[in-house]
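J.: What follows is start_23.tsv; its format and atoms are TSV, C-alpha atoms.
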```
chain	number	residue	atom	x	y	z
A	3	MET	CA	5.71	1.97	18.34
A	4	ASN	CA	7.36	-0.83	16.37
A	5	ILE	CA	9.38	-0.32	13.23
A	6	ILE	CA	10.81	-3.32	11.41
A	7	ALA	CA	13.77	-3.05	9.02
A	8	TRP	CA	14.38	-6.23	7.04
A	9	ASN	CA	17.08	-7.00	4.49
A	10	CYS	CA	15.03	-9.63	2.66
A	11	ARG	CA	17.50	-10.26	-0.19
A	12	GLY	CA	14.75	-10.69	-2.74
A	13	ALA	CA	11.04	-9.98	-2.48
A	14	ARG	CA	10.13	-12.34	-5.34
A	15	LYS	CA	10.74	-15.37	-3.15
A	16	PRO	CA	7.56	-17.45	-2.82
A	17	ALA	CA	7.47	-17.12	0.98
A	18	PHE	CA	8.14	-13.35	1.11
A	19	LYS	CA	4.49	-12.20	1.43
A	20	ASN	CA	3.75	-14.83	4.06
A	21	HIS	CA	6.81	-13.77	6.06
A	22	VAL	CA	5.64	-10.14	5.98
A	23	ARG	CA	2.14	-11.11	7.13
A	24	GLU	CA	3.64	-13.16	9.98
A	25	LEU	CA	5.91	-10.26	11.04
A	26	VAL	CA	2.88	-7.96	11.08
A	27	ARG	CA	0.78	-10.47	13.05
A	28	ILE	CA	3.47	-10.99	15.70
A	29	HIS	CA	5.01	-7.50	15.99
A	30	ASP	CA	2.28	-5.11	14.73
A	31	PRO	CA	4.75	-2.65	13.16
A	32	VAL	CA	3.67	0.89	12.37
A	33	ILE	CA	6.34	1.08	9.66
A	34	LEU	CA	8.06	-1.68	7.67
A	35	ILE	CA	11.30	-1.02	5.79
A	36	VAL	CA	12.27	-3.71	3.29
A	37	MET	CA	15.77	-3.57	1.80
A	38	GLU	CA	17.47	-5.35	-1.08
A	39	THR	CA	14.12	-6.27	-2.62
A	40	ARG	CA	15.67	-6.70	-6.09
A	41	VAL	CA	12.27	-5.70	-7.47
A	42	GLY	CA	11.23	-2.40	-8.97
A	43	GLY	CA	8.60	-0.73	-11.08
A	44	VAL	CA	5.25	-2.39	-11.74
A	45	ARG	CA	6.28	-5.68	-10.14
A	46	ALA	CA	7.19	-3.91	-6.87
A	47	LYS	CA	3.74	-2.28	-6.81
A	48	GLU	CA	2.05	-5.62	-7.47
A	49	ILE	CA	3.84	-7.20	-4.52
A	50	THR	CA	3.31	-4.33	-2.07
A	51	ASP	CA	-0.38	-4.06	-3.02
A	52	GLU	CA	-0.81	-7.53	-1.50
A	53	LEU	CA	0.85	-6.63	1.82
A	54	PRO	CA	-1.05	-5.45	4.93
A	55	PHE	CA	-0.12	-1.77	4.53
A	56	ASP	CA	-2.04	0.95	2.73
A	57	ARG	CA	0.84	3.26	1.77
A	58	VAL	CA	4.29	2.63	0.29
A	59	ILE	CA	7.31	4.40	-1.17
A	60	HIS	CA	9.53	2.40	-3.56
A	61	THR	CA	13.01	3.29	-4.79
A	62	ASP	CA	14.41	2.27	-8.15
A	63	ILE	CA	16.61	-0.77	-8.47
A	64	ILE	CA	19.90	-0.83	-10.32
A	65	GLY	CA	19.81	-3.77	-12.71
A	66	PHE	CA	18.77	-6.69	-10.51
A	67	ALA	CA	20.23	-5.22	-7.30
A	68	GLY	CA	19.03	-2.89	-4.58
A	69	GLY	CA	15.46	-1.90	-3.99
A	70	LEU	CA	14.12	-0.20	-0.91
A	71	TRP	CA	10.50	0.00	0.26
A	72	LEU	CA	8.96	1.96	3.11
A	73	LEU	CA	5.44	0.77	4.04
A	74	TRP	CA	2.95	2.12	6.60
A	75	ASN	CA	-0.71	2.47	7.47
A	76	GLU	CA	-2.15	5.98	7.33
A	77	ASP	CA	-4.43	5.50	10.33
A	78	ARG	CA	-1.36	5.28	12.62
A	79	VAL	CA	1.18	7.69	11.13
A	80	ASP	CA	1.22	10.54	8.66
A	81	ILE	CA	4.31	10.39	6.46
A	82	SER	CA	5.58	13.20	4.26
A	83	GLN	CA	8.19	12.23	1.70
A	84	LEU	CA	11.21	14.53	1.57
A	85	ALA	CA	13.61	12.83	-0.85
A	86	ASN	CA	14.74	9.47	-2.12
A	87	THR	CA	17.42	7.89	-4.28
A	88	GLU	CA	18.26	4.26	-5.01
A	89	GLN	CA	20.01	4.10	-1.60
A	90	GLU	CA	17.73	6.09	0.68
A	91	ILE	CA	14.23	7.26	1.52
A	92	HIS	CA	13.81	10.31	3.77
A	93	VAL	CA	10.45	11.11	5.32
A	94	ILE	CA	8.96	13.11	8.16
A	95	VAL	CA	6.84	10.94	10.43
A	96	LYS	CA	3.98	12.35	12.49
A	97	VAL	CA	2.55	9.90	14.98
A	98	ARG	CA	-1.24	10.35	14.84
A	99	CYS	CA	-1.84	9.80	18.58
A	100	SER	CA	0.66	12.54	19.54
A	101	ASN	CA	2.21	15.74	18.25
A	102	LEU	CA	5.57	14.07	17.80
A	103	ASN	CA	7.32	14.69	14.45
A	104	TRP	CA	10.63	13.10	13.53
A	105	LEU	CA	12.80	12.36	10.54
A	106	LEU	CA	13.13	8.76	9.34
A	107	SER	CA	15.72	7.66	6.82
A	108	ALA	CA	15.48	4.17	5.35
A	109	ILE	CA	18.88	3.11	4.03
A	110	TYR	CA	20.13	0.42	1.70
A	111	ALA	CA	23.68	1.45	0.87
A	112	SER	CA	25.13	0.23	-2.38
A	113	PRO	CA	27.68	-2.57	-2.17
A	114	ARG	CA	29.84	-0.34	-4.41
A	115	CYS	CA	32.11	1.94	-2.39
A	116	ALA	CA	31.92	4.84	-4.85
A	117	ASP	CA	28.12	4.86	-4.70
A	118	ARG	CA	28.18	4.87	-0.89
A	119	GLN	CA	30.14	8.14	-1.01
A	120	VAL	CA	27.07	9.75	-2.61
A	121	LEU	CA	24.92	8.39	0.23
A	122	TRP	CA	27.32	9.74	2.88
A	123	SER	CA	27.12	13.19	1.25
A	124	ASN	CA	23.33	13.04	1.12
A	125	LEU	CA	23.11	12.08	4.81
A	126	LYS	CA	25.41	14.95	5.78
A	127	MET	CA	23.24	17.33	3.77
A	128	MET	CA	20.08	16.03	5.45
A	129	ALA	CA	21.69	16.61	8.88
A	130	GLU	CA	22.46	20.22	7.96
A	131	VAL	CA	18.89	20.93	6.82
A	132	HIS	CA	16.84	19.29	9.60
A	133	GLU	CA	17.02	19.80	13.35
A	134	MET	CA	14.43	17.28	14.55
A	135	PRO	CA	14.89	13.85	16.11
A	136	TRP	CA	16.25	11.50	13.44
A	137	VAL	CA	16.13	7.74	13.09
A	138	MET	CA	18.22	6.00	10.42
A	139	GLU	CA	17.43	2.35	9.80
A	140	GLY	CA	18.80	-0.06	7.27
A	141	ASP	CA	21.86	-1.69	5.81
A	142	PHE	CA	24.81	0.65	5.43
A	143	ASN	CA	27.02	-2.06	3.87
A	144	GLU	CA	30.02	-0.66	5.77
A	145	PRO	CA	31.22	-1.91	9.16
A	146	LEU	CA	32.65	0.60	11.64
A	147	MET	CA	34.96	-1.94	13.28
A	148	GLU	CA	36.24	-5.45	12.71
A	149	ASP	CA	33.84	-6.93	15.29
A	150	ASP	CA	30.87	-5.69	13.18
A	151	LYS	CA	31.51	-8.28	10.48
A	152	PHE	CA	32.48	-11.88	9.99
A	153	GLY	CA	33.87	-13.58	6.92
A	154	GLY	CA	34.87	-12.03	3.64
A	155	ARG	CA	37.46	-9.34	3.22
A	156	GLY	CA	38.91	-7.56	6.21
A	157	LEU	CA	37.80	-4.13	7.40
A	158	SER	CA	38.88	-1.15	5.30
A	159	VAL	CA	40.01	1.40	7.88
A	160	SER	CA	39.72	4.33	5.47
A	161	ARG	CA	36.16	3.42	4.43
A	162	ALA	CA	35.18	2.81	8.07
A	163	LEU	CA	36.51	6.26	8.97
A	164	GLN	CA	34.48	7.85	6.14
A	165	PHE	CA	31.36	6.10	7.42
A	166	LYS	CA	32.11	7.17	10.99
A	167	GLU	CA	32.61	10.77	9.85
A	168	CYS	CA	29.25	10.64	8.11
A	169	LEU	CA	27.51	9.37	11.25
```
So that I can check it, write out the structure of this file as structure tokens.
T.:
Amino acid sequence: MNIIAWNCRGARKPAFKNHVRELVRIHDPVILIVMETRVGGVRAKEITDELPFDRVIHTDIIGFAGGLWLLWNEDRVDISQLANTEQEIHVIVKVRCSNLNWLLSAIYASPRCADRQVLWSNLKMMAEVHEMPWVMEGDFNEPLMEDDKFGGRGLSVSRALQFKECL
């Protein structure tokens, strides 16, 4: 079962829909997670209505930043939404051809450190409530070690430790 998580950095780009169709043609994903869409509300629905998936969950954007979409086709998986914020979508996935149930969290962590603290707390809470297999996919916007990044500011050891504690 293929799941694709893509930080597209803007779903309004002219080629976005064609890229999604090509990803689907080549990889046949059951679930597609699109992060940093920078599109919300009615416009997000207009775009996702034209993609080759029949179900979607959108999160709100903050200004012109963020945006997280989880897309799937109901004939392959049954998805029950648990919770979502601007930084996360939590669902229970039931694979239709089996009795397997698992938790999926789609993540697009805020570039703002203070906002990520809310996400870390939410993830810890989710871990306390659910005892099923759990997959977290996305962009956490926080490296665990220096080798996880290149360019920009150096690693913040204290923030990396907070992220590690969360995981």
J.: Rounded to one decimal place, report the atom CA of A:Glu130-atom CA of A:Leu163 distance in Å.
T.: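 Atom-to-atom, atom CA of A:Glu130 to atom CA of A:Leu163, that is 19.8 Å.
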J.: Could you check the closest approach to A:Leu72 for each of A:Asp30, A:Glu48, A:Glu148, A:Glu139 and tell me which residue wins, using all atoms listed in the file?
T.: A:Glu139
J.: Show me the residues around (12.1, -1.8, -8.0) - criterion: an atom at most 6 Å away, all atoms listed in the file counted - as a list of chain:residue names.
T.: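 Checked against the point, the hits come out as A:Val41, A:Gly42, A:Gly43, A:Ala46, A:Asp62, A:Ile63, A:Gly69.
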J.: Could you put an axis-aligned box around every listed atom of stretch 21-27 of chain A, padded by 8 Å on each side, and send me its centre and edge lengths in Å to one decimal, as AutoDock Vina command-line options?
T.:
```
--center_x 3.8 --center_y -10.9 --center_z 9.5 --size_x 22.0 --size_y 21.8 --size_z 23.1
```
J.: With distances taken over only C-alpha atoms, which residue among A:Gln83, A:Ser100, A:Thr39, A:Gln164 lies nearest A:Gly65?
T.: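 Checking each candidate against A:Gly65, we get A:Thr39 as the closest.
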J.: Quick one: residues within 8 Å of (12.3, 10.4, 5.1) (file frame), counting all atoms listed in the file, please, as an MDAnalysis selection string.
T.: chainID A and resid 82:86 91:95 105:108
J.: Expressed in Å to a single decimal, how great is the separation between atom CA of A:Leu25 and atom CA of A:Phe152?
T.: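 Calculated distance between atom CA of A:Leu25 and atom CA of A:Phe152 is 26.6 Å.
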J.: For A:Ala116, find every residue with an atom within 12 Å (counting all atoms listed in the file), except residues of its own chain fewer than 6 positions away, and show them as a ChimeraX atom specification.
T.: /A:122-123,161,164
J.: Which residue, A:Lys47, A:Glu133, A:Arg114, A:Val32, has the smallest gap to A:Ile64 when you use all atoms listed in the file?
T.: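 With all atoms listed in the file as the atom set, the closest residue is A:Arg114.
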J.: Give me, as a PyMOL selection string, all polymer residues having an atom no more than 9 Å from A:Val58, counting all atoms listed in the file and skipping those fewer than 5 positions away in the same chain.
T.: chain A and resi 47+50-51+71-75
J.: Find the distance between atom CA of A:Tyr110 and atom CA of A:Arg27 and write it in Å to one decimal.
T.: 24.9 Å
J.: So that I can check the surroundings of A:Arg40, please list as a ChimeraX atom specification every protein, DNA and RNA residue that reaches within 6 Å of it, counting all atoms listed in the file and ignoring chain neighbours fewer than 2 positions away.
T.: /A:12,38,66-69
J.: My list of candidates is A:Ala17, A:Cys115, A:Val120, A:Leu125. Which is closest to A:Val137 when distances are computed with all atoms listed in the file?
T.: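 For A:Val137, the nearest of the candidates is A:Leu125.
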J.: Which is closest to A:Ser160 among A:Ala7, A:Leu146, A:Ile33, A:Ala111, if we use all atoms listed in the file?
T.: A:Leu146
J.: Go through A:Pro145, A:Pro113, A:Gly156, A:Pro54 and flag the residue nearest A:Val26, using all atoms listed in the file for the distances.
T.: A:Pro54
J.: With a distance cut-off of 9 Å and all atoms listed in the file, select the neighbouring residues of A:Glu76, excluding the residue or stretch itself and same-chain residues fewer than 5 positions from it, and output the selection as a PyMOL selection string.
T.: chain A and resi 55-57+81+98
